[in-house]
Structure formats: C-alpha cells, structure tokens
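Visitor: What follows is the file work-v7.txt, containing compact mmCIF, C-alpha atoms:
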# COMPACT_ATOMS: atom_id res chain seq x y z
CA MET A 1 44.69 34.35 154.77
CA PRO A 2 46.85 31.32 154.33
CA GLY A 3 47.37 32.02 150.64
CA THR A 4 48.75 35.47 151.27
CA MET A 5 50.93 34.19 154.12
CA GLY A 6 52.23 31.47 151.84
CA LEU A 7 53.04 34.05 149.20
CA ARG A 8 54.81 36.20 151.74
CA HIS A 9 56.87 33.27 152.94
CA GLY A 10 57.80 32.53 149.35
CA GLN A 11 58.77 36.13 148.72
CA LEU A 12 60.81 36.25 151.91
CA SER A 13 62.50 33.02 151.03
CA GLN A 14 63.34 34.35 147.59
CA LEU A 15 64.63 37.59 149.09
CA SER A 16 66.80 35.67 151.57
CA ARG A 17 68.24 33.61 148.75
CA ARG A 18 68.95 36.78 146.79
CA CYS A 19 70.61 38.38 149.81
CA PHE A 20 72.69 35.30 150.39
CA LEU A 21 73.76 35.14 146.75
CA ALA A 22 74.48 38.86 146.66
CA GLY A 23 76.57 38.59 149.82
CA SER A 24 78.47 35.64 148.40
CA ALA A 25 79.09 37.53 145.18
CA VAL A 26 80.45 40.55 147.05
CA ALA A 27 82.72 38.30 149.09
CA ALA A 28 83.92 36.52 145.97
CA LEU A 29 84.50 39.78 144.15
CA GLY A 30 86.29 41.08 147.19
CA GLY A 31 88.67 38.17 146.93
CA ILE A 32 88.28 37.51 150.62
CA HIS A 33 90.03 34.51 152.01
CA ALA A 34 87.79 31.78 153.39
CA ASP A 35 89.46 32.14 156.79
CA ALA A 36 87.97 35.59 157.07
CA TRP A 37 84.58 34.12 157.79
CA ALA A 38 85.95 32.49 160.90
CA HIS A 39 86.68 35.92 162.35
CA ASN A 40 83.77 37.57 164.10
CA ASP A 41 84.14 40.95 162.52
CA ALA A 42 85.66 40.05 159.18
CA GLY A 43 83.83 39.68 155.91
CA ALA A 44 81.78 41.52 153.36
CA VAL A 45 79.63 44.39 154.58
CA SER A 46 76.29 44.30 152.89
CA PRO A 47 74.74 46.69 152.36
CA ALA A 48 77.79 48.94 152.16
CA LEU A 49 77.93 51.42 155.02
CA PRO A 50 78.78 55.11 154.91
CA PRO A 51 81.34 56.08 157.59
CA PRO A 52 80.51 58.46 160.42
CA ALA A 53 81.27 62.15 160.05
CA LEU A 54 84.89 62.58 161.00
CA SER A 55 87.37 65.44 160.72
CA LEU A 56 90.89 64.43 159.71
CA THR A 57 94.27 66.09 159.72
CA LEU A 58 96.50 64.48 157.14
CA HIS A 59 100.23 63.93 157.39
CA ASP A 60 100.80 66.85 155.01
CA ASN A 61 99.05 69.18 157.50
CA SER A 62 95.94 69.53 155.36
CA ASN A 63 92.51 69.29 156.97
CA SER A 64 89.73 67.23 155.52
CA THR A 65 86.99 64.80 156.41
CA LEU A 66 87.02 61.03 156.18
CA GLN A 67 84.21 61.13 153.63
CA SER A 68 86.15 63.54 151.40
CA VAL A 69 89.33 61.52 151.63
CA LEU A 70 87.50 58.32 150.71
CA ALA A 71 85.23 59.70 147.99
CA GLY A 72 86.11 58.79 144.42
CA ARG A 73 88.72 56.18 145.29
CA ALA A 74 88.94 52.57 146.30
CA SER A 75 90.48 52.71 149.76
CA ALA A 76 92.18 50.38 152.20
CA LEU A 77 92.21 51.79 155.73
CA GLN A 78 94.09 50.55 158.81
CA LEU A 79 94.20 51.81 162.39
CA MET A 80 97.58 52.38 164.01
CA PHE A 81 99.56 54.75 166.21
CA THR A 82 103.11 55.86 165.78
CA SER A 83 104.47 54.92 169.22
CA CYS A 84 103.18 51.34 168.86
CA GLN A 85 106.12 48.94 168.89
CA ALA A 86 104.56 45.59 168.21
CA THR A 87 101.75 45.21 165.68
CA CYS A 88 101.81 48.64 163.99
CA PRO A 89 105.31 48.26 162.53
CA ILE A 90 104.11 45.06 160.88
CA GLN A 91 100.99 46.86 159.63
CA GLY A 92 103.21 49.65 158.31
CA ALA A 93 105.47 47.19 156.51
CA LEU A 94 102.44 45.49 154.92
CA PHE A 95 100.99 48.78 153.65
CA ALA A 96 104.42 49.81 152.36
CA ASP A 97 104.53 46.54 150.45
CA ALA A 98 101.01 47.11 149.13
CA ALA A 99 101.92 50.65 148.03
CA LYS A 100 104.93 49.27 146.21
CA ARG A 101 102.78 46.67 144.49
CA LEU A 102 100.26 49.34 143.47
CA GLY A 103 103.03 51.41 141.92
CA ASP A 104 101.55 53.50 139.16
CA ARG A 105 98.62 51.25 138.41
CA LEU A 106 95.11 51.36 139.88
CA LYS A 107 95.29 55.12 140.23
CA PRO A 108 91.89 55.42 141.91
CA ALA A 109 93.15 53.21 144.75
CA GLN A 110 94.71 54.49 147.95
CA LEU A 111 96.00 53.34 151.32
CA LEU A 112 95.13 55.24 154.46
CA SER A 113 96.57 54.77 157.97
CA VAL A 114 94.47 56.41 160.67
CA SER A 115 95.92 57.01 164.12
CA ILE A 116 94.06 55.99 167.25
CA ASP A 117 96.31 58.28 169.28
CA PRO A 118 95.39 61.69 167.87
CA ALA A 119 96.63 63.47 170.97
CA HIS A 120 100.22 62.50 170.21
CA ASP A 121 100.34 61.67 166.54
CA SER A 122 101.00 65.05 164.99
CA PRO A 123 101.25 65.39 161.21
CA ALA A 124 105.04 65.43 161.65
CA ALA A 125 104.92 62.16 163.62
CA LEU A 126 102.74 60.63 160.92
CA ARG A 127 105.14 61.80 158.20
CA GLU A 128 108.03 60.28 160.11
CA TRP A 129 106.11 57.03 160.49
CA LEU A 130 105.42 56.82 156.75
CA LYS A 131 109.04 57.66 156.02
CA ARG A 132 110.16 54.81 158.24
CA PHE A 133 108.54 52.26 155.94
CA GLY A 134 108.99 54.03 152.62
CA PRO A 135 106.65 56.84 151.69
CA SER A 136 104.48 56.53 148.60
CA PRO A 137 102.04 58.89 146.91
CA ARG A 138 99.51 56.07 147.19
CA TRP A 139 99.72 55.95 150.97
CA ARG A 140 98.54 58.66 153.35
CA ALA A 141 98.28 58.90 157.11
CA ALA A 142 95.84 60.93 159.16
CA ARG A 143 94.71 61.62 162.68
CA PRO A 144 91.03 62.01 163.46
CA ASP A 145 89.48 64.55 165.71
CA LYS A 146 89.92 63.10 169.19
CA ALA A 147 86.27 63.55 170.13
CA GLN A 148 85.17 61.62 167.05
CA LEU A 149 87.58 58.70 167.32
CA ASP A 150 85.16 56.47 169.22
CA SER A 151 82.58 56.68 166.47
CA LEU A 152 85.15 55.46 163.93
CA VAL A 153 86.34 52.56 166.09
CA THR A 154 82.77 51.50 166.76
CA PHE A 155 81.85 51.78 163.09
CA LEU A 156 84.83 49.66 162.03
CA LYS A 157 84.28 47.19 164.90
CA SER A 158 87.97 47.51 165.60
CA LYS A 159 87.78 47.47 169.37
CA ASN A 160 90.08 44.76 170.57
CA PRO A 161 90.32 43.26 174.04
CA ALA A 162 93.55 44.00 175.90
CA PRO A 163 96.44 43.97 175.47
CA ASP A 164 96.37 45.33 171.94
CA PRO A 165 93.76 48.09 171.74
CA HIS A 166 93.10 47.78 168.03
CA THR A 167 92.90 45.03 165.48
CA ALA A 168 95.31 44.65 162.58
CA GLN A 169 92.47 44.37 160.09
CA VAL A 170 92.20 46.34 156.88
CA TYR A 171 88.91 48.04 156.04
CA PHE A 172 87.98 48.45 152.40
CA PHE A 173 85.81 51.25 151.03
CA ASN A 174 84.25 51.54 147.60
CA ARG A 175 84.52 54.65 145.45
CA LYS A 176 81.43 56.08 147.06
CA GLY A 177 83.36 56.04 150.30
CA GLU A 178 81.28 53.21 151.80
CA LEU A 179 82.64 50.34 153.85
CA VAL A 180 82.35 47.11 151.85
CA LEU A 181 84.74 44.67 153.51
CA ARG A 182 86.54 44.00 156.78
CA SER A 183 89.59 41.79 156.34
CA VAL A 184 91.15 39.40 158.80
CA ASP A 185 94.15 40.61 160.81
CA PHE A 186 97.29 41.24 158.79
CA PRO A 187 96.02 40.49 155.29
CA PRO A 188 98.89 39.92 152.85
CA ALA A 189 99.84 42.94 150.76
CA ALA A 190 98.98 41.04 147.59
CA GLU A 191 95.49 40.42 148.96
CA VAL A 192 95.02 44.11 149.78
CA VAL A 193 95.94 45.04 146.22
CA ARG A 194 93.68 42.33 144.82
CA VAL A 195 90.68 43.62 146.77
CA LEU A 196 91.39 47.21 145.72
CA GLU A 197 91.62 46.07 142.13
CA SER A 198 88.28 44.33 142.48
CA ILE A 199 86.67 47.46 143.87
CA VAL A 200 88.14 49.65 141.12
CA THR A 201 86.98 47.19 138.46
CA LYS A 202 83.46 47.10 139.84
CA GLY A 203 83.32 50.89 139.66
CA MET B 1 193.91 2.37 167.74
CA SER B 2 191.84 5.31 168.72
CA GLN B 3 190.56 7.78 166.26
CA CYS B 4 190.40 11.44 166.97
CA ARG B 5 187.30 12.91 165.45
CA SER B 6 187.37 16.30 167.06
CA ALA B 7 188.54 19.30 165.14
CA SER B 8 191.15 20.08 167.76
CA CYS B 9 192.74 16.74 167.18
CA MET B 10 193.10 17.58 163.59
CA GLY B 11 194.85 20.78 164.36
CA THR B 12 192.15 23.13 162.96
CA GLU B 13 190.01 25.19 165.42
CA ARG B 14 186.47 25.91 164.23
CA PRO B 15 184.14 28.33 166.06
CA PRO B 16 180.92 26.78 167.38
CA ARG B 17 178.13 26.95 164.84
CA ARG B 18 175.30 29.51 165.58
CA TRP B 19 171.96 30.25 164.01
CA ARG B 20 171.93 33.73 162.78
CA VAL B 21 168.47 35.17 161.95
CA PRO B 22 168.20 38.59 160.39
CA VAL B 23 166.46 41.06 162.69
CA PRO B 24 163.68 42.05 160.23
CA VAL B 25 162.75 38.42 159.73
CA LEU B 26 162.68 37.94 163.47
CA VAL B 27 160.35 40.92 163.99
CA VAL B 28 157.96 39.91 161.22
CA GLY B 29 157.93 36.33 162.37
CA THR B 30 157.18 37.24 165.94
CA THR B 31 154.36 39.56 164.93
CA VAL B 32 152.75 37.01 162.63
CA GLY B 33 152.99 34.40 165.35
CA ALA B 34 151.37 36.63 167.92
CA VAL B 35 148.50 37.55 165.60
CA ALA B 36 147.93 33.92 164.72
CA ALA B 37 147.87 32.97 168.38
CA VAL B 38 145.25 35.64 169.18
CA ALA B 39 143.13 34.58 166.20
CA LEU B 40 143.28 30.97 167.29
CA VAL B 41 142.21 31.78 170.81
CA TYR B 42 139.30 33.95 169.56
CA ALA B 43 138.16 31.33 167.07
CA ALA B 44 138.24 28.67 169.73
CA SER B 45 136.13 30.63 172.19
CA GLY B 46 133.90 32.82 169.87
CA PRO B 47 130.94 34.81 171.11
CA SER B 48 128.98 32.78 173.64
CA PRO B 49 125.60 31.36 172.48
CA SER B 50 123.90 33.59 175.02
CA ARG B 51 125.64 36.69 173.72
CA ARG B 52 124.83 35.78 170.16
CA GLY B 53 121.25 35.05 171.25
CA LYS B 54 120.99 38.55 172.68
CA GLU B 55 122.07 39.98 169.34
CA LEU B 56 119.34 37.98 167.62
CA PHE B 57 116.74 38.89 170.27
CA THR B 58 117.42 42.62 170.09
CA GLY B 59 117.78 42.79 166.33
CA ALA B 60 121.49 43.64 166.34
CA VAL B 61 121.66 40.58 164.10
CA SER B 62 118.73 40.34 161.68
CA LEU B 63 116.16 37.56 161.73
CA ARG B 64 114.03 36.40 158.82
CA ALA B 65 110.29 36.11 159.40
CA ARG B 66 106.91 36.55 157.77
CA MET B 67 103.27 36.46 158.79
CA THR B 68 101.35 33.21 158.49
CA GLY B 69 100.22 32.63 154.94
CA HIS B 70 102.26 35.48 153.50
CA GLU B 71 104.58 35.06 150.55
CA THR B 72 107.25 37.55 151.51
CA ASP B 73 109.46 38.23 154.48
CA LEU B 74 108.92 41.30 156.61
CA PRO B 75 111.65 43.90 157.16
CA PRO B 76 113.97 42.67 159.95
CA GLU B 77 113.30 45.68 162.16
CA VAL B 78 109.61 44.85 162.50
CA VAL B 79 110.15 41.21 163.52
CA ARG B 80 112.64 41.75 166.34
CA CYS B 81 111.73 39.67 169.38
CA ILE B 82 112.26 42.68 171.59
CA ASN B 83 109.44 44.56 169.85
CA CYS B 84 106.90 42.46 171.72
CA HIS B 85 108.63 40.35 174.37
CA ARG B 86 110.51 41.37 177.45
CA LEU B 87 112.94 39.59 179.67
CA PRO B 88 113.13 39.96 183.45
CA SER B 89 116.06 42.32 183.02
CA ASP B 90 114.29 44.56 180.53
CA THR B 91 112.71 47.90 181.40
CA PRO B 92 110.39 49.34 180.47
CA ALA B 93 108.02 46.70 179.15
CA PRO B 94 107.54 46.76 175.42
CA SER B 95 103.89 47.25 174.72
CA SER B 96 101.70 47.83 171.75
CA SER B 97 99.35 49.85 173.86
CA LYS B 98 101.08 52.99 174.95
CA LEU B 99 98.04 55.17 174.71
CA PRO B 100 98.47 57.90 177.32
CA GLU B 101 94.90 59.06 176.99
CA PRO B 102 93.01 56.03 175.84
CA SER B 103 89.82 56.29 173.92
CA SER B 104 86.88 54.78 175.77
CA SER B 105 86.09 52.65 172.74
CA LEU B 106 89.52 51.14 172.76
CA ARG B 107 89.65 50.26 176.42
CA GLY B 108 86.99 48.67 178.56
CA SER B 109 88.15 50.55 181.61
CA GLU B 110 90.41 53.55 181.67
CA SER B 111 91.93 52.37 184.93
CA ALA B 112 92.77 48.92 183.59
CA PRO B 113 96.49 48.28 183.42
CA ILE B 114 97.93 47.97 179.96
CA GLU B 115 99.53 44.60 179.46
CA ALA B 116 102.49 43.77 177.31
CA LEU B 117 101.40 42.45 173.95
CA ALA B 118 103.19 39.12 174.22
CA PRO B 119 104.19 36.90 177.15
CA ASP B 120 107.26 37.86 179.09
CA LEU B 121 110.09 35.42 178.59
CA SER B 122 112.17 33.97 181.35
CA SER B 123 113.72 30.64 182.11
CA GLN B 124 111.14 30.00 184.81
CA ARG B 125 108.16 30.91 182.68
CA LEU B 126 109.33 28.84 179.76
CA THR B 127 110.51 25.72 181.52
CA GLN B 128 107.81 25.39 184.19
CA ALA B 129 104.96 23.03 183.40
CA VAL B 130 101.99 25.40 183.17
CA PRO B 131 98.82 25.48 181.07
CA ARG B 132 99.27 27.76 178.06
CA ARG B 133 96.51 29.07 175.78
CA GLY B 134 93.93 26.75 177.24
CA GLY B 135 95.98 23.64 176.54
CA PRO B 136 97.31 21.10 179.02
CA ALA B 137 100.31 21.96 181.18
CA SER B 138 103.46 22.04 179.12
CA ARG B 139 107.01 23.22 179.31
CA TYR B 140 109.36 24.42 176.65
CA ASP B 141 112.67 22.84 175.81
CA ALA B 142 115.10 23.88 173.10
CA GLN B 143 113.31 21.82 170.50
CA SER B 144 109.78 23.03 171.23
CA PHE B 145 111.08 26.58 171.48
CA CYS B 146 112.38 26.26 167.91
CA SER B 147 109.06 24.78 166.88
CA VAL B 148 107.03 27.69 168.20
CA LEU B 149 109.31 30.17 166.49
CA ARG B 150 109.20 28.38 163.17
CA PHE B 151 105.68 27.02 163.00
CA GLY B 152 103.71 28.79 165.74
CA VAL B 153 102.92 25.57 167.59
CA ASP B 154 103.54 25.52 171.34
CA PRO B 155 104.69 22.49 173.40
CA ALA B 156 101.05 21.44 173.99
CA HIS B 157 100.47 21.58 170.22
CA VAL B 158 98.32 24.68 170.51
CA MET B 159 98.70 27.32 167.81
CA ILE B 160 99.90 30.68 169.05
CA PRO B 161 98.17 33.84 167.72
CA GLN B 162 98.99 34.77 164.17
CA THR B 163 100.11 38.15 165.44
CA MET B 164 103.51 36.59 165.98
CA PRO B 165 105.51 36.18 162.79
CA ARG B 166 106.93 32.79 161.87
CA TYR B 167 110.72 32.70 161.73
CA THR B 168 113.14 31.05 159.35
CA LEU B 169 115.92 30.03 161.70
CA THR B 170 118.94 27.81 161.55
CA GLU B 171 119.37 25.22 164.28
CA GLN B 172 122.23 27.27 165.66
CA GLU B 173 120.16 30.46 165.81
CA CYS B 174 117.42 28.59 167.67
CA GLN B 175 119.90 27.27 170.19
CA GLU B 176 121.42 30.70 170.65
CA LEU B 177 118.05 32.34 171.26
CA TRP B 178 117.09 29.56 173.65
CA ALA B 179 120.37 30.02 175.52
CA TYR B 180 119.71 33.74 175.84
CA VAL B 181 116.09 33.62 177.02
CA THR B 182 116.76 30.82 179.49
CA ALA B 183 119.81 32.55 180.90
CA SER B 184 117.56 35.20 182.40
Would you write the structure of this file as structure tokens?
Guide:
Amino acid sequence: MPGTMGLRHGQLSQLSRRCFLAGSAVAALGGIHADAWAHNDAGAVSPALPPPALSLTLHDNSNSTLQSVLAGRASALQLMFTSCQATCPIQGALFADAAKRLGDRLKPAQLLSVSIDPAHDSPAALREWLKRFGPSPRWRAARPDKAQLDSLVTFLKSKNPAPDPHTAQVYFFNRKGELVLRSVDFPPAAEVVRVLESIVTKG
Amino acid sequence: MSQCRSASCMGTERPPRRWRVPVPVLVVGTTVGAVAAVALVYAASGPSPSRRGKELFTGAVSLRARMTGHETDLPPEVVRCINCHRLPSDTPAPSSSKLPEPSSSLRGSESAPIEALAPDLSSQRLTQAVPRRGGPASRYDAQSFCSVLRFGVDPAHVMIPQTMPRYTLTEQECQELWAYVTAS
C-alpha cells in the first residue's frame, strides 16, 4: 500500500509542521528569551500540562490545593525555602520587583512561591519571608504537603544537581492552571510580567 | 665715641617684654589644636583596605549588583558576598542547601554532603594556578578578580555561572575586597 503509506507520511509531515509552528507561536507569545532554549528544561510546554494533586498551606494559614490556587489566574511559580541564604533571596527580590511592576494591573495574574522545605517553613516563616522583600497582595507563599513535594519537583523538572537543590526558574501556568512555560534561571522581573500579560491576554 | 643703646644707659628702666595670652584663648587654642592633630592622624591612616574589604564582603557597606541581562540592581542585602562565599575563618559555611530533611527528588543521595553554593575564598585558592570550570590552569590577581566580579569572566576567560550577580565596583572597592580575601 505505497499510496496509503505516502499519504500517511504526508499527514505526519503536515502534523509535525503544525506542531512545530504551534510550539513556536506559544514560545513567541510567551515572550521567552532565545537563551531559554539553550537550557535543558526551559521553554514552552506543549501541550500544557496539569499539575499533580498537591495540598498546600498558604502563608495566611489557609489550606488549599495547588490546582485551586492556580485556577482562574495566570500564575508565575518559583521554588524556594526560607532558610536559604544564597539564591532564594535573589528569587525573592525578583518576585518582589515583579509584584511591584504588576501593581494594580493584570488582576488575574499572581505570583506564588512554594517552599521545598515544608517541614520547617511554617505559614509564619513564609509570612516573614514575604515581609522581608515587601509583601504584595499579588504575591503569595505556600508550603506543600511533605509527602507530595517530590511529585511537584518532578513535574516542574526542578531537580538540580548539588550544591543548590532547586533551580531558580519560574514556572508559568495558564488560567486553567496548566503549566505552559518553564523559564531560564532568574528571569528578569520585567520578563515575568510580560509573560503573565501574554497569558492573561490569550485568555 | 661709643653709643649707649641700652635703656639703662638712658636712665629709664623698662621691664622685659612678655607675651600675655588670655587664658580662654589658650584653652580654646589648645583644644582646637589637639582635635586637628587627631583628625590629621586618622585621615592619614584611615581604615585599612582589608578592614574596608571586610565591610564590603559582609554587607556592612553596601555593594551594587544585578543579575546578568537584568535592567535593575538587586537590593544590597541579597548580593552580599557572604551570602554564598566563605573564608577560611568563617563558620559555619554559608549554603543554599540547608534542608534538614531533604526530599528524595531534590537530592540524589540523602547521605551526600551538602556543599556550599559557591567556591570558598582564600588567598591560596585564588592565587594558585589550578584549572577552574573546565578551563586551563589559572590564578587570580587583583585585576582578574575585579574582572570576575564585574563581568563574570574568570582568569582563564571562562564565564562563571549566572547565579552570581555582576557587581558595579570602583577600582578602590575591588582592591579592598581583593585585600580582604587574600589576607585570609
């Protein structure tokens, strides 16, 4: 059946082209920097991925799930822990800057810092951490259920070889709560806001 | 014919002339002089480069820095050298990885020691010719030390990780930091 095979090859080729173009469009809409492609785990996520089931305790002591926190908003998520002295303070400063840039605009957008040290990062510790950089209603912090942390780290591909146990990437979620983009380490605050804006605009 | 020029020759006795300074003027003058002398001595010596370098290293004196490619500086407290680097005299080691009960996803082996995030700094480590970051053997001097702080390029012309901010430093600040880290 050479004719059929030929047709299938043509269809596959067309599909590949479409996938490639769709991926490029998502990346372009995401405003991702070209350097991101050089990073193994940075870039557009296509198709968008729903996060694993995860219980969260937020810095205001409320209990929720990751899906609930993400649903209905464009979200930028980073991993951190409050006793971290080196990279996390820089991550905190960048999110504080992003929150400041968001100000009152892009209301459906939010910033979320998730601790990778749930055993020690109590809601009070998370509140104190946010306060250190300048709290904002657009920026929340949470600790996941300890037993479920691994599934989140694996999902985000945030495992980092020693010495730093986590990357300084930012993970973007659409308003359905699906992962659409992994940034490079330490994306500029302006870039974080630009990507959130793009997600909000796309709906 | 000799001429007598002394007062006694002329028959009038004058008391010897004396400087008379009012006491308040004397006190004020002495005080001002002492203060000026102390100020001069202090200005001449000043804080040593090493001492000033310690202040820069620990953040007692703020440094300006930003991440590569960023448009704005970071808050001074998050770019202190001491956040990531340690000196031989420092304890405990600063580390980004103080996870008492590490998640298995975050660590390959739970028994693996947690390393400091950035290289320890010491005179020996900096000035010995050793391969760094896969490059040829190289050693730092004051100039290359400034270069790595400002531009992230090490003495072998290898880029350091972007995790380290890039610093806006004066020549004097560079020299002072170099003096401090190589004094240990």
Visitor: To one decimal place in Å, what is the distance between atom CA of Arg139 of chain B and atom CA of Trp178 of chain B?
Guide: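 Pair atom CA of Arg139 of chain B / atom CA of Trp178 of chain B returns 13.2 Å.
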Visitor: How many Å lie between atom CA of Lys176 of chain A and atom CA of Ala147 of chain A, rounded to one decimal?
Guide: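 Calculated distance between atom CA of Lys176 of chain A and atom CA of Ala147 of chain A is 24.7 Å.
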Visitor: Which chain A residues have any atom within 10 Å of an atom of chain B, and for each, what is the nearest pair of atoms with distance in Å to one decimal, counting only C-alpha atoms, rows sorted by chain and number, as a tab-separated table?
Guide:
residue	atom	partner	partner_atom	distance
A:Met80	CA	B:Ser96	CA	9.9
A:Phe81	CA	B:Leu99	CA	8.6
A:Thr82	CA	B:Lys98	CA	9.8
A:Ser83	CA	B:Lys98	CA	6.9
A:Cys84	CA	B:Ser96	CA	4.8
A:Gln85	CA	B:Ser96	CA	5.4
A:Ala86	CA	B:Ser96	CA	5.1
A:Thr87	CA	B:Ser96	CA	6.6
A:Cys88	CA	B:Ser96	CA	7.8
A:Pro89	CA	B:Val78	CA	5.5
A:Ile90	CA	B:Val78	CA	5.7
A:Gln91	CA	B:Val78	CA	9.3
A:Gly92	CA	B:Val78	CA	9.0
A:Ala93	CA	B:Leu74	CA	6.8
A:Leu94	CA	B:Leu74	CA	7.9
A:Asp97	CA	B:Leu74	CA	9.2
A:Ile116	CA	B:Ser103	CA	7.9
A:Asp117	CA	B:Leu99	CA	6.5
A:Pro118	CA	B:Glu101	CA	9.5
A:Ala119	CA	B:Glu101	CA	7.7
A:His120	CA	B:Pro100	CA	8.6
A:Phe133	CA	B:Pro75	CA	9.0
A:Lys146	CA	B:Ser103	CA	8.3
A:Ala147	CA	B:Ser103	CA	8.9
A:Gln148	CA	B:Ser103	CA	9.9
A:Leu149	CA	B:Ser103	CA	7.4
A:Asp150	CA	B:Ser105	CA	5.3
A:Ser151	CA	B:Ser105	CA	8.2
A:Leu152	CA	B:Ser105	CA	9.3
A:Val153	CA	B:Ser105	CA	6.7
A:Thr154	CA	B:Ser105	CA	6.9
A:Lys157	CA	B:Ser105	CA	9.7
A:Ser158	CA	B:Leu106	CA	8.2
A:Lys159	CA	B:Leu106	CA	5.3
A:Asn160	CA	B:Leu106	CA	6.8
A:Pro161	CA	B:Arg107	CA	7.4
A:Ala162	CA	B:Glu115	CA	7.0
A:Pro163	CA	B:Glu115	CA	5.1
A:Asp164	CA	B:Ser97	CA	5.7
A:Pro165	CA	B:Leu106	CA	5.3
A:His166	CA	B:Leu106	CA	6.8
A:Thr167	CA	B:Thr163	CA	10.0
A:Ala168	CA	B:Thr163	CA	8.6
A:Asp185	CA	B:Thr163	CA	7.9
A:Phe186	CA	B:Met67	CA	7.7
A:Pro187	CA	B:His70	CA	8.2
A:Pro188	CA	B:His70	CA	5.6
A:Ala189	CA	B:His70	CA	8.3
A:Ala190	CA	B:Glu71	CA	8.7
A:Glu191	CA	B:His70	CA	9.5
Visitor: Rounded to one decimal, what separation in Å do you get between atom CA of Gly135 of chain B and atom CA of Thr182 of chain B?
Guide: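 Going from atom CA of Gly135 of chain B over to atom CA of Thr182 of chain B covers 22.2 Å.
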Visitor: Can you pull out every residue within 6 Å of segment 144-158 of chain B, counting only C-alpha atoms, but drop anything in the same chain fewer than 6 positions away, and send it as a ChimeraX atom specification?
Guide: /B:138,166-167,174
Visitor: Counting only C-alpha atoms, which residue out of A:Arg138, A:Arg175, A:Lys202, A:Arg182 sits closest to Arg101 of chain A?
Guide: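 Closest candidate: A:Arg138.
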Visitor: Skip Ser64 of chain A itself and residues of its chain fewer than 6 positions away, then list as a count of residues only all residues within 12 Å of it, counting all atoms listed in the file.
Guide: 12
Visitor: Compare A:Ala96, A:Phe172, A:Glu197, A:Arg73 by their minimum atom-to-atom distance to Leu49 of chain A, counting all atoms listed in the file, and give me the closest one.
Guide: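 Of the candidates, the smallest distance to Leu49 of chain A is held by A:Phe172.
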Visitor: Quick one: of A:Pro47, A:Ala42, A:Asn63, A:Leu102, who's nearest to Arg194 of chain A, counting only C-alpha atoms?
Guide: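 Selected residue with least distance to Arg194 of chain A: A:Leu102.
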Visitor: How big is the axis-aligned box around all listed atoms of segment 44-48 of chain A once 3 Å goes on each side, and where's its centre, in Å to one decimal, as lines of an AutoDock Vina configuration file?
Guide:
center_x = 78.3
center_y = 45.2
center_z = 153.4
size_x = 13.0
size_y = 13.4
size_z = 8.4
Visitor: If we count only C-alpha atoms and set the cut-off at 8 Å, which residues sit around Leu111 of chain A, ignoring sequence neighbours fewer than 3 positions away in its own chain? Please answer as a PyMOL selection string.
Guide: chain A and resi 75-77+95+99+138-140
Visitor: Which residues are near Ser50 of chain B? Cut-off 9 Å, all atoms listed in the file, ignore same chain within fewer than 2 positions. Put them as a list of chain:residue names.
Guide: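 The filter keeps B:Pro47, B:Ser48, B:Arg52, B:Gly53, B:Lys54, B:Glu55, B:Gln175, B:Glu176, B:Leu177, B:Trp178, B:Ala179, B:Tyr180, B:Val181, B:Thr182, B:Ala183.
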Visitor: Find the residues around Phe173 of chain A up to 6 Å (only C-alpha atoms counted), leave out those fewer than 5 positions away in its own chain, and share them as a PyMOL selection string.
Guide: chain A and resi 74-75+178-180
Visitor: Would you kindly place N, CA and C atoms on segment 46-60 of chain B and return the model as a PDB file, in the frame of the given file?
Guide:
ATOM      1  N   GLY B  46     135.014  32.204 170.600  1.00  0.00           N
ATOM      2  CA  GLY B  46     133.900  32.820 169.870  1.00  0.00           C
ATOM      3  C   GLY B  46     132.949  33.506 170.814  1.00  0.00           C
ATOM      4  N   PRO B  47     131.946  34.224 170.232  1.00  0.00           N
ATOM      5  CA  PRO B  47     130.940  34.810 171.110  1.00  0.00           C
ATOM      6  C   PRO B  47     130.097  33.701 171.720  1.00  0.00           C
ATOM      7  N   SER B  48     129.739  33.841 172.981  1.00  0.00           N
ATOM      8  CA  SER B  48     128.980  32.780 173.640  1.00  0.00           C
ATOM      9  C   SER B  48     127.601  32.684 172.999  1.00  0.00           C
ATOM     10  N   PRO B  49     126.949  31.488 173.056  1.00  0.00           N
ATOM     11  CA  PRO B  49     125.600  31.360 172.480  1.00  0.00           C
ATOM     12  C   PRO B  49     124.640  32.376 173.063  1.00  0.00           C
ATOM     13  N   SER B  50     124.805  32.652 174.371  1.00  0.00           N
ATOM     14  CA  SER B  50     123.900  33.590 175.020  1.00  0.00           C
ATOM     15  C   SER B  50     124.087  34.995 174.457  1.00  0.00           C
ATOM     16  N   ARG B  51     125.353  35.351 174.242  1.00  0.00           N
ATOM     17  CA  ARG B  51     125.640  36.690 173.720  1.00  0.00           C
ATOM     18  C   ARG B  51     125.109  36.821 172.294  1.00  0.00           C
ATOM     19  N   ARG B  52     125.318  35.795 171.531  1.00  0.00           N
ATOM     20  CA  ARG B  52     124.830  35.780 170.160  1.00  0.00           C
ATOM     21  C   ARG B  52     123.282  35.784 170.168  1.00  0.00           C
ATOM     22  N   GLY B  53     122.700  35.068 171.122  1.00  0.00           N
ATOM     23  CA  GLY B  53     121.250  35.050 171.250  1.00  0.00           C
ATOM     24  C   GLY B  53     120.706  36.431 171.565  1.00  0.00           C
ATOM     25  N   LYS B  54     121.411  37.180 172.367  1.00  0.00           N
ATOM     26  CA  LYS B  54     120.990  38.550 172.680  1.00  0.00           C
ATOM     27  C   LYS B  54     120.989  39.397 171.412  1.00  0.00           C
ATOM     28  N   GLU B  55     121.992  39.207 170.599  1.00  0.00           N
ATOM     29  CA  GLU B  55     122.070  39.980 169.340  1.00  0.00           C
ATOM     30  C   GLU B  55     120.882  39.646 168.434  1.00  0.00           C
ATOM     31  N   LEU B  56     120.497  38.386 168.428  1.00  0.00           N
ATOM     32  CA  LEU B  56     119.340  37.980 167.620  1.00  0.00           C
ATOM     33  C   LEU B  56     118.046  38.532 168.229  1.00  0.00           C
ATOM     34  N   PHE B  57     117.950  38.465 169.547  1.00  0.00           N
ATOM     35  CA  PHE B  57     116.740  38.890 170.270  1.00  0.00           C
ATOM     36  C   PHE B  57     116.500  40.389 170.079  1.00  0.00           C
ATOM     37  N   THR B  58     117.571  41.163 170.150  1.00  0.00           N
ATOM     38  CA  THR B  58     117.420  42.620 170.090  1.00  0.00           C
ATOM     39  C   THR B  58     117.427  43.159 168.676  1.00  0.00           C
ATOM     40  N   GLY B  59     117.764  42.324 167.719  1.00  0.00           N
ATOM     41  CA  GLY B  59     117.780  42.790 166.330  1.00  0.00           C
ATOM     42  C   GLY B  59     119.131  43.299 165.886  1.00  0.00           C
ATOM     43  N   ALA B  60     120.136  43.239 166.763  1.00  0.00           N
ATOM     44  CA  ALA B  60     121.490  43.640 166.340  1.00  0.00           C
ATOM     45  C   ALA B  60     121.939  42.734 165.192  1.00  0.00           C
TER      46      ALA B  60
END
